[in-house]
file coords-v3.cif (mmCIF, C-alpha atoms)
data_structure
loop_
_atom_site.label_atom_id
_atom_site.label_comp_id
_atom_site.auth_asym_id
_atom_site.auth_seq_id
_atom_site.Cartn_x
_atom_site.Cartn_y
_atom_site.Cartn_z
CA MET A 14 23.77 18.45 12.76
CA ALA A 15 20.74 17.51 14.89
CA GLU A 16 17.31 18.64 13.76
CA THR A 17 15.22 20.92 15.95
CA ILE A 18 11.75 19.62 16.80
CA ASN A 19 9.02 21.95 18.04
CA VAL A 20 5.86 20.52 19.65
CA LEU A 21 2.79 21.01 17.47
CA ILE A 22 0.33 18.76 19.37
CA SER A 23 1.06 17.69 22.95
CA GLU A 24 1.01 14.11 24.19
CA LYS A 25 -2.02 14.94 26.37
CA ASP A 26 -3.96 16.38 23.42
CA VAL A 27 -3.12 13.36 21.24
CA GLU A 28 -4.30 10.93 23.95
CA GLU A 29 -7.53 12.86 24.56
CA ARG A 30 -8.41 13.05 20.86
CA ILE A 31 -7.77 9.32 20.34
CA ARG A 32 -10.09 8.55 23.27
CA GLU A 33 -12.81 10.70 21.64
CA MET A 34 -12.29 9.02 18.26
CA GLY A 35 -12.54 5.57 19.88
CA GLU A 36 -15.85 6.53 21.47
CA GLN A 37 -17.24 7.79 18.15
CA ILE A 38 -16.09 4.69 16.25
CA SER A 39 -17.64 2.48 18.94
CA LYS A 40 -20.99 4.27 18.48
CA ASP A 41 -20.80 4.12 14.69
CA TYR A 42 -20.00 0.38 14.68
CA ALA A 43 -22.39 -0.60 17.49
CA GLY A 44 -23.46 -4.23 17.08
CA LYS A 45 -20.69 -4.94 14.56
CA GLN A 46 -17.07 -6.00 14.53
CA VAL A 47 -14.64 -3.51 13.04
CA HIS A 48 -11.65 -4.78 11.04
CA LEU A 49 -8.80 -2.30 11.46
CA ILE A 50 -6.22 -2.14 8.69
CA CYS A 51 -3.07 -0.39 9.77
CA VAL A 52 -0.95 1.28 7.14
CA LEU A 53 2.62 0.54 8.24
CA LYS A 54 4.89 1.75 9.64
CA GLY A 55 3.60 5.08 10.84
CA GLY A 56 0.07 3.96 11.70
CA VAL A 57 1.10 1.36 14.31
CA PHE A 58 1.29 3.68 17.31
CA PHE A 59 -2.05 5.27 16.47
CA MET A 60 -3.87 2.02 15.68
CA CYS A 61 -2.76 0.31 18.89
CA ASP A 62 -3.92 3.21 21.05
CA LEU A 63 -7.14 3.61 19.06
CA ALA A 64 -7.99 -0.11 19.27
CA LYS A 65 -7.71 0.03 23.08
CA ARG A 66 -10.39 2.74 23.09
CA ILE A 67 -12.90 0.99 20.83
CA SER A 68 -15.52 -0.96 22.79
CA VAL A 69 -16.92 -3.10 19.94
CA PRO A 70 -15.08 -6.26 18.82
CA VAL A 71 -11.92 -5.47 16.84
CA SER A 72 -9.77 -7.51 14.47
CA MET A 73 -6.58 -6.18 12.91
CA ASP A 74 -4.42 -6.58 9.86
CA PHE A 75 -1.42 -4.72 8.49
CA MET A 76 -0.43 -3.39 5.11
CA SER A 77 2.63 -1.50 3.99
CA VAL A 78 2.20 1.00 1.20
CA SER A 79 4.95 3.44 0.27
CA SER A 80 5.12 6.71 -1.65
CA TYR A 81 7.88 8.49 0.26
CA GLY A 82 11.10 6.51 0.65
CA ASP A 83 13.44 8.62 2.82
CA ASP A 84 12.27 11.95 1.45
CA THR A 85 9.95 14.53 3.02
CA LYS A 86 7.79 14.85 -0.10
CA SER A 87 5.65 12.11 -1.69
CA SER A 88 7.12 10.64 -4.85
CA GLY A 89 3.62 10.17 -6.27
CA VAL A 90 4.38 6.51 -7.03
CA VAL A 91 2.46 4.13 -4.76
CA LYS A 92 3.63 0.58 -4.19
CA ILE A 93 2.38 -2.22 -1.93
CA VAL A 94 5.30 -3.43 0.14
CA LYS A 95 3.27 -5.84 2.35
CA ASP A 96 -0.25 -7.00 1.55
CA LEU A 97 -2.95 -8.10 4.00
CA ASP A 98 -2.92 -11.53 5.63
CA GLU A 99 -6.73 -11.88 5.79
CA HIS A 100 -9.59 -11.73 3.28
CA LEU A 101 -11.89 -8.70 3.53
CA GLU A 102 -15.09 -10.16 2.12
CA GLY A 103 -18.09 -9.18 4.28
CA LYS A 104 -15.99 -7.23 6.82
CA ASP A 105 -16.52 -3.68 8.03
CA VAL A 106 -13.09 -2.23 7.29
CA LEU A 107 -11.57 0.85 8.90
CA ILE A 108 -8.28 1.92 7.35
CA VAL A 109 -6.10 3.50 10.05
CA GLU A 110 -3.49 5.95 8.77
CA ASP A 111 -1.07 8.23 10.58
CA ILE A 112 -1.33 11.14 8.14
CA ILE A 113 -3.09 12.03 4.91
CA ASP A 114 -1.72 14.77 2.72
CA SER A 115 -1.94 14.41 -1.08
CA GLY A 116 -4.52 11.60 -0.84
CA ARG A 117 -2.79 9.62 -3.62
CA THR A 118 -1.81 6.67 -1.44
CA LEU A 119 -5.22 6.38 0.22
CA SER A 120 -7.15 6.80 -3.03
CA TYR A 121 -5.13 3.94 -4.52
CA LEU A 122 -5.49 1.81 -1.38
CA ILE A 123 -9.26 2.32 -1.08
CA ASP A 124 -9.68 1.28 -4.74
CA ILE A 125 -7.73 -1.93 -4.15
CA LEU A 126 -9.54 -2.81 -0.90
CA GLN A 127 -13.05 -2.15 -2.27
CA LYS A 128 -12.40 -4.72 -5.00
CA ARG A 129 -12.00 -7.34 -2.24
CA ASN A 130 -15.74 -7.14 -1.38
CA PRO A 131 -15.76 -5.77 2.17
CA ASN A 132 -19.12 -4.83 3.68
CA SER A 133 -17.85 -1.26 4.14
CA VAL A 134 -14.63 0.75 3.95
CA ARG A 135 -14.05 3.84 6.05
CA LEU A 136 -10.96 5.92 6.65
CA CYS A 137 -9.49 7.12 9.93
CA THR A 138 -6.41 9.31 10.27
CA LEU A 139 -4.62 10.90 13.19
CA LEU A 140 -3.47 13.86 11.09
CA ASP A 141 -4.92 15.47 7.99
CA LYS A 142 -3.29 18.05 5.73
CA PRO A 143 -6.28 19.07 3.59
CA GLU A 144 -4.42 21.91 1.82
CA ARG A 145 -2.04 19.33 0.26
CA ARG A 146 -4.87 17.21 -1.21
CA VAL A 147 -4.57 16.37 -4.90
CA LYS A 148 -6.85 13.28 -4.83
CA ASP A 149 -10.29 13.57 -3.27
CA VAL A 150 -10.64 11.03 -0.47
CA LYS A 151 -13.44 10.94 2.09
CA VAL A 152 -11.91 10.86 5.56
CA ASP A 153 -14.47 9.59 8.06
CA TYR A 154 -12.50 10.19 11.27
CA VAL A 155 -9.86 12.91 11.66
CA GLY A 156 -7.81 13.42 14.78
CA PHE A 157 -6.32 16.80 13.87
CA SER A 158 -6.18 18.96 10.75
CA ILE A 159 -2.71 20.43 10.57
CA PRO A 160 -0.90 23.02 8.43
CA ASP A 161 1.46 21.98 5.64
CA LYS A 162 4.48 21.31 7.85
CA PHE A 163 6.66 18.21 7.97
CA VAL A 164 5.75 16.46 11.23
CA VAL A 165 7.21 13.62 13.28
CA GLY A 166 6.35 11.68 16.40
CA TYR A 167 3.63 9.27 17.36
CA GLY A 168 4.67 6.93 14.55
CA LEU A 169 5.63 9.57 11.99
CA ASP A 170 9.28 9.63 11.02
CA TYR A 171 11.97 11.62 9.31
CA ALA A 172 14.35 9.09 7.64
CA GLN A 173 13.21 6.46 10.20
CA LYS A 174 13.90 8.72 13.20
CA TYR A 175 11.54 10.26 15.80
CA ARG A 176 8.67 7.73 15.48
CA ASN A 177 8.84 7.13 19.23
CA LEU A 178 8.14 10.72 20.30
CA PRO A 179 4.91 10.77 22.36
CA TYR A 180 3.75 14.04 20.75
CA ILE A 181 3.48 15.49 17.24
CA GLY A 182 6.37 17.80 16.41
CA VAL A 183 7.55 19.88 13.48
CA VAL A 184 11.06 19.23 12.21
CA GLU A 185 12.61 22.60 11.52
CA GLY A 186 14.62 22.69 8.31
CA ALA A 187 13.14 19.45 6.88
CA GLU A 188 10.85 21.09 4.35
#

call {"tool": "encode", "arguments": {"input": "coords-v3.cif", "output": "structure tokens"}}
result
Amino acid sequence: MAETINVLISEKDVEERIREMGEQISKDYAGKQVHLICVLKGGVFFMCDLAKRISVPVSMDFMSVSSYGDDTKSSGVVKIVKDLDEHLEGKDVLIVEDIIDSGRTLSYLIDILQKRNPNSVRLCTLLDKPERRVKDVKVDYVGFSIPDKFVVGYGLDYAQKYRNLPYIGVVEGAE
């Protein structure tokens, strides 16, 4: 049986908000280079579009951290699947995430990255589910705060499907 997906945030709204976020990040990092760290796999779509809208010099690296598997709810166990290729010492780091809900994964990740002596660590997410938060994490840049629904599209998946949707949608019956 095919899932039903209802649009929550349109492609146009996603594009406009990413442009605004890129402008704000460019102002905040004026005169610096920002080192983007993408949390794979979901963050790829967002980071690529965001990077194109940042006017200061950008470098990128990728990390894979998992707490979901193929389920719709976080398992609470965080594991590093792929670590960074570059050292962070002295860099202004911006972690780019597709969605933050419980905060467990990002709290763990920020702890690990801060021990690598970056100049700064900030957090940027396309989607935030603040009502699901169990770990307090400071999110510096938020695209959209959304209700506690299971969403797909724009990099977010349901059992590896729907990442390529150009909008954010709610999968009906996946909660």

call {"tool": "resolve_selection", "arguments": {"input": "coords-v3.cif", "expression": "the PyMOL selection byres ((chain A and resi 48-63) around 8)", "output": "JSON, numbers by chain"}}
result
{"A": [31, 32, 34, 35, 46, 47, 64, 65, 66, 67, 71, 72, 73, 74, 75, 76, 77, 78, 104, 105, 106, 107, 108, 109, 110, 111, 139, 167, 168, 169, 170, 176]}

call {"tool": "residues_around", "arguments": {"input": "coords-v3.cif", "residues": "Asp161 of chain A", "least_positions_apart": "2", "cutoff": "8 Å", "atoms": "all atoms listed in the file", "output": "number ranges by chain"}}
result
A: 142, 144-145, 159, 163

call {"tool": "axis_aligned_box", "arguments": {"input": "coords-v3.cif", "around": "segment 165-175 of chain A", "padding_each_side": "8 Å", "output": "lines of an AutoDock Vina configuration file"}}
result
center_x = 9.0
center_y = 10.0
center_z = 12.5
size_x = 26.7
size_y = 23.2
size_z = 25.7

call {"tool": "atom_distance", "arguments": {"input": "coords-v3.cif", "atom1": "atom CA of Glu16 of chain A", "atom2": "atom CA of Gln173 of chain A"}}
result
13.3 Å

call {"tool": "atom_distance", "arguments": {"input": "coords-v3.cif", "atom1": "atom CA of Lys40 of chain A", "atom2": "atom CA of Leu101 of chain A"}}
result
21.8 Å

call {"tool": "closest_residue", "arguments": {"input": "coords-v3.cif", "among": "A:His100, A:Lys128, A:Tyr180, A:Ser68", "to": "Asp26 of chain A", "atoms": "only C-alpha atoms"}}
result
A:Tyr180

call {"tool": "atom_distance", "arguments": {"input": "coords-v3.cif", "atom1": "atom CA of Val165 of chain A", "atom2": "atom CA of Thr17 of chain A"}}
result
11.2 Å

call {"tool": "resolve_selection", "arguments": {"input": "coords-v3.cif", "expression": "the PyMOL selection byres ((chain A and resi 148-156) around 9)", "output": "PDB file with C-alpha atoms, in the frame of the given file"}}
result
ATOM      1  CA  VAL A  27      -3.120  13.360  21.240  1.00  0.00           C
ATOM      2  CA  ARG A  30      -8.410  13.050  20.860  1.00  0.00           C
ATOM      3  CA  ILE A  31      -7.770   9.320  20.340  1.00  0.00           C
ATOM      4  CA  GLU A  33     -12.810  10.700  21.640  1.00  0.00           C
ATOM      5  CA  MET A  34     -12.290   9.020  18.260  1.00  0.00           C
ATOM      6  CA  GLN A  37     -17.240   7.790  18.150  1.00  0.00           C
ATOM      7  CA  ILE A  38     -16.090   4.690  16.250  1.00  0.00           C
ATOM      8  CA  ILE A 113      -3.090  12.030   4.910  1.00  0.00           C
ATOM      9  CA  SER A 115      -1.940  14.410  -1.080  1.00  0.00           C
ATOM     10  CA  GLY A 116      -4.520  11.600  -0.840  1.00  0.00           C
ATOM     11  CA  ARG A 117      -2.790   9.620  -3.620  1.00  0.00           C
ATOM     12  CA  THR A 118      -1.810   6.670  -1.440  1.00  0.00           C
ATOM     13  CA  LEU A 119      -5.220   6.380   0.220  1.00  0.00           C
ATOM     14  CA  SER A 120      -7.150   6.800  -3.030  1.00  0.00           C
ATOM     15  CA  ILE A 123      -9.260   2.320  -1.080  1.00  0.00           C
ATOM     16  CA  ARG A 135     -14.050   3.840   6.050  1.00  0.00           C
ATOM     17  CA  LEU A 136     -10.960   5.920   6.650  1.00  0.00           C
ATOM     18  CA  CYS A 137      -9.490   7.120   9.930  1.00  0.00           C
ATOM     19  CA  THR A 138      -6.410   9.310  10.270  1.00  0.00           C
ATOM     20  CA  LEU A 139      -4.620  10.900  13.190  1.00  0.00           C
ATOM     21  CA  LEU A 140      -3.470  13.860  11.090  1.00  0.00           C
ATOM     22  CA  ASP A 141      -4.920  15.470   7.990  1.00  0.00           C
ATOM     23  CA  ARG A 146      -4.870  17.210  -1.210  1.00  0.00           C
ATOM     24  CA  VAL A 147      -4.570  16.370  -4.900  1.00  0.00           C
ATOM     25  CA  PHE A 157      -6.320  16.800  13.870  1.00  0.00           C
ATOM     26  CA  SER A 158      -6.180  18.960  10.750  1.00  0.00           C
TER      27      SER A 158
END

call {"tool": "closest_residue", "arguments": {"input": "coords-v3.cif", "among": "A:Glu36, A:Asp98, A:Glu28, A:Asp114", "to": "Pro160 of chain A", "atoms": "all atoms listed in the file"}}
result
A:Asp114

call {"tool": "residues_around", "arguments": {"input": "coords-v3.cif", "residues": "Val69 of chain A", "least_positions_apart": "4", "cutoff": "8 Å", "atoms": "all atoms listed in the file", "output": "list in words"}}
result
Ser39, Tyr42, Ala43, Gly44, Lys45, Gln46 and Val47 of chain A

call {"tool": "resolve_selection", "arguments": {"input": "coords-v3.cif", "expression": "the PyMOL selection byres ((chain A and resi 19) around 12)", "output": "ChimeraX atom specification"}}
result
/A:16-18,20-23,162-166,178,180-186

call {"tool": "decode", "arguments": {"input": "coords-v3.cif", "residues": "segment 31-54 of chain A", "atoms": "N, CA, C and O atoms", "output": "PDB file, in the first residue's frame"}}
result
ATOM      1  N   ILE A  31      15.600  29.266   2.850  1.00  0.00           N
ATOM      2  CA  ILE A  31      17.028  28.946   2.741  1.00  0.00           C
ATOM      3  C   ILE A  31      17.803  30.164   2.257  1.00  0.00           C
ATOM      4  O   ILE A  31      18.900  30.441   2.750  1.00  0.00           O
ATOM      5  N   ARG A  32      17.237  30.926   1.337  1.00  0.00           N
ATOM      6  CA  ARG A  32      17.886  32.156   0.865  1.00  0.00           C
ATOM      7  C   ARG A  32      18.072  33.129   2.040  1.00  0.00           C
ATOM      8  O   ARG A  32      19.149  33.693   2.236  1.00  0.00           O
ATOM      9  N   GLU A  33      17.025  33.296   2.852  1.00  0.00           N
ATOM     10  CA  GLU A  33      17.100  34.182   4.017  1.00  0.00           C
ATOM     11  C   GLU A  33      18.150  33.691   5.017  1.00  0.00           C
ATOM     12  O   GLU A  33      18.915  34.493   5.572  1.00  0.00           O
ATOM     13  N   MET A  34      18.193  32.396   5.251  1.00  0.00           N
ATOM     14  CA  MET A  34      19.176  31.832   6.186  1.00  0.00           C
ATOM     15  C   MET A  34      20.598  32.060   5.668  1.00  0.00           C
ATOM     16  O   MET A  34      21.496  32.396   6.445  1.00  0.00           O
ATOM     17  N   GLY A  35      20.803  31.879   4.372  1.00  0.00           N
ATOM     18  CA  GLY A  35      22.118  32.112   3.771  1.00  0.00           C
ATOM     19  C   GLY A  35      22.566  33.553   3.946  1.00  0.00           C
ATOM     20  O   GLY A  35      23.737  33.818   4.248  1.00  0.00           O
ATOM     21  N   GLU A  36      21.646  34.484   3.799  1.00  0.00           N
ATOM     22  CA  GLU A  36      21.967  35.903   3.992  1.00  0.00           C
ATOM     23  C   GLU A  36      22.362  36.173   5.443  1.00  0.00           C
ATOM     24  O   GLU A  36      23.324  36.894   5.710  1.00  0.00           O
ATOM     25  N   GLN A  37      21.625  35.600   6.389  1.00  0.00           N
ATOM     26  CA  GLN A  37      21.924  35.817   7.811  1.00  0.00           C
ATOM     27  C   GLN A  37      23.270  35.201   8.189  1.00  0.00           C
ATOM     28  O   GLN A  37      24.073  35.821   8.881  1.00  0.00           O
ATOM     29  N   ILE A  38      23.529  33.996   7.723  1.00  0.00           N
ATOM     30  CA  ILE A  38      24.806  33.329   8.001  1.00  0.00           C
ATOM     31  C   ILE A  38      25.955  34.135   7.411  1.00  0.00           C
ATOM     32  O   ILE A  38      26.994  34.319   8.051  1.00  0.00           O
ATOM     33  N   SER A  39      25.771  34.651   6.204  1.00  0.00           N
ATOM     34  CA  SER A  39      26.805  35.473   5.558  1.00  0.00           C
ATOM     35  C   SER A  39      27.124  36.708   6.400  1.00  0.00           C
ATOM     36  O   SER A  39      28.295  37.087   6.546  1.00  0.00           O
ATOM     37  N   LYS A  40      26.103  37.341   6.964  1.00  0.00           N
ATOM     38  CA  LYS A  40      26.320  38.512   7.842  1.00  0.00           C
ATOM     39  C   LYS A  40      27.047  38.098   9.113  1.00  0.00           C
ATOM     40  O   LYS A  40      27.991  38.755   9.550  1.00  0.00           O
ATOM     41  N   ASP A  41      26.596  37.001   9.721  1.00  0.00           N
ATOM     42  CA  ASP A  41      27.163  36.564  10.993  1.00  0.00           C
ATOM     43  C   ASP A  41      28.618  36.104  10.867  1.00  0.00           C
ATOM     44  O   ASP A  41      29.378  36.191  11.832  1.00  0.00           O
ATOM     45  N   TYR A  42      29.008  35.612   9.701  1.00  0.00           N
ATOM     46  CA  TYR A  42      30.368  35.124   9.477  1.00  0.00           C
ATOM     47  C   TYR A  42      31.181  36.071   8.588  1.00  0.00           C
ATOM     48  O   TYR A  42      32.187  35.661   8.021  1.00  0.00           O
ATOM     49  N   ALA A  43      30.765  37.312   8.497  1.00  0.00           N
ATOM     50  CA  ALA A  43      31.472  38.297   7.657  1.00  0.00           C
ATOM     51  C   ALA A  43      32.953  38.337   8.035  1.00  0.00           C
ATOM     52  O   ALA A  43      33.302  38.371   9.220  1.00  0.00           O
ATOM     53  N   GLY A  44      33.816  38.269   7.028  1.00  0.00           N
ATOM     54  CA  GLY A  44      35.254  38.314   7.250  1.00  0.00           C
ATOM     55  C   GLY A  44      35.859  36.983   7.668  1.00  0.00           C
ATOM     56  O   GLY A  44      37.056  36.905   7.950  1.00  0.00           O
ATOM     57  N   LYS A  45      35.064  35.936   7.727  1.00  0.00           N
ATOM     58  CA  LYS A  45      35.535  34.613   8.129  1.00  0.00           C
ATOM     59  C   LYS A  45      35.215  33.592   7.044  1.00  0.00           C
ATOM     60  O   LYS A  45      34.462  33.875   6.125  1.00  0.00           O
ATOM     61  N   GLN A  46      35.766  32.406   7.219  1.00  0.00           N
ATOM     62  CA  GLN A  46      35.368  31.260   6.404  1.00  0.00           C
ATOM     63  C   GLN A  46      34.533  30.368   7.298  1.00  0.00           C
ATOM     64  O   GLN A  46      34.888  30.124   8.447  1.00  0.00           O
ATOM     65  N   VAL A  47      33.430  29.861   6.778  1.00  0.00           N
ATOM     66  CA  VAL A  47      32.581  28.965   7.556  1.00  0.00           C
ATOM     67  C   VAL A  47      32.794  27.526   7.060  1.00  0.00           C
ATOM     68  O   VAL A  47      32.859  27.279   5.852  1.00  0.00           O
ATOM     69  N   HIS A  48      32.986  26.627   8.019  1.00  0.00           N
ATOM     70  CA  HIS A  48      33.199  25.208   7.704  1.00  0.00           C
ATOM     71  C   HIS A  48      31.894  24.474   7.985  1.00  0.00           C
ATOM     72  O   HIS A  48      31.519  24.274   9.138  1.00  0.00           O
ATOM     73  N   LEU A  49      31.184  24.113   6.917  1.00  0.00           N
ATOM     74  CA  LEU A  49      29.910  23.425   7.044  1.00  0.00           C
ATOM     75  C   LEU A  49      30.143  21.933   7.262  1.00  0.00           C
ATOM     76  O   LEU A  49      30.912  21.315   6.532  1.00  0.00           O
ATOM     77  N   ILE A  50      29.460  21.393   8.256  1.00  0.00           N
ATOM     78  CA  ILE A  50      29.494  19.947   8.477  1.00  0.00           C
ATOM     79  C   ILE A  50      28.084  19.429   8.265  1.00  0.00           C
ATOM     80  O   ILE A  50      27.162  19.760   9.004  1.00  0.00           O
ATOM     81  N   CYS A  51      27.938  18.640   7.226  1.00  0.00           N
ATOM     82  CA  CYS A  51      26.642  18.071   6.893  1.00  0.00           C
ATOM     83  C   CYS A  51      26.455  16.753   7.623  1.00  0.00           C
ATOM     84  O   CYS A  51      27.335  15.896   7.601  1.00  0.00           O
ATOM     85  N   VAL A  52      25.300  16.623   8.254  1.00  0.00           N
ATOM     86  CA  VAL A  52      24.952  15.361   8.878  1.00  0.00           C
ATOM     87  C   VAL A  52      24.177  14.549   7.833  1.00  0.00           C
ATOM     88  O   VAL A  52      23.081  14.918   7.426  1.00  0.00           O
ATOM     89  N   LEU A  53      24.838  13.471   7.368  1.00  0.00           N
ATOM     90  CA  LEU A  53      24.271  12.629   6.308  1.00  0.00           C
ATOM     91  C   LEU A  53      23.166  11.733   6.854  1.00  0.00           C
ATOM     92  O   LEU A  53      23.150  11.432   8.033  1.00  0.00           O
ATOM     93  N   LYS A  54      22.280  11.270   6.018  1.00  0.00           N
ATOM     94  CA  LYS A  54      22.135  11.555   4.608  1.00  0.00           C
ATOM     95  C   LYS A  54      21.199  12.738   4.398  1.00  0.00           C
ATOM     96  O   LYS A  54      21.295  13.438   3.413  1.00  0.00           O
TER      97      LYS A  54
END
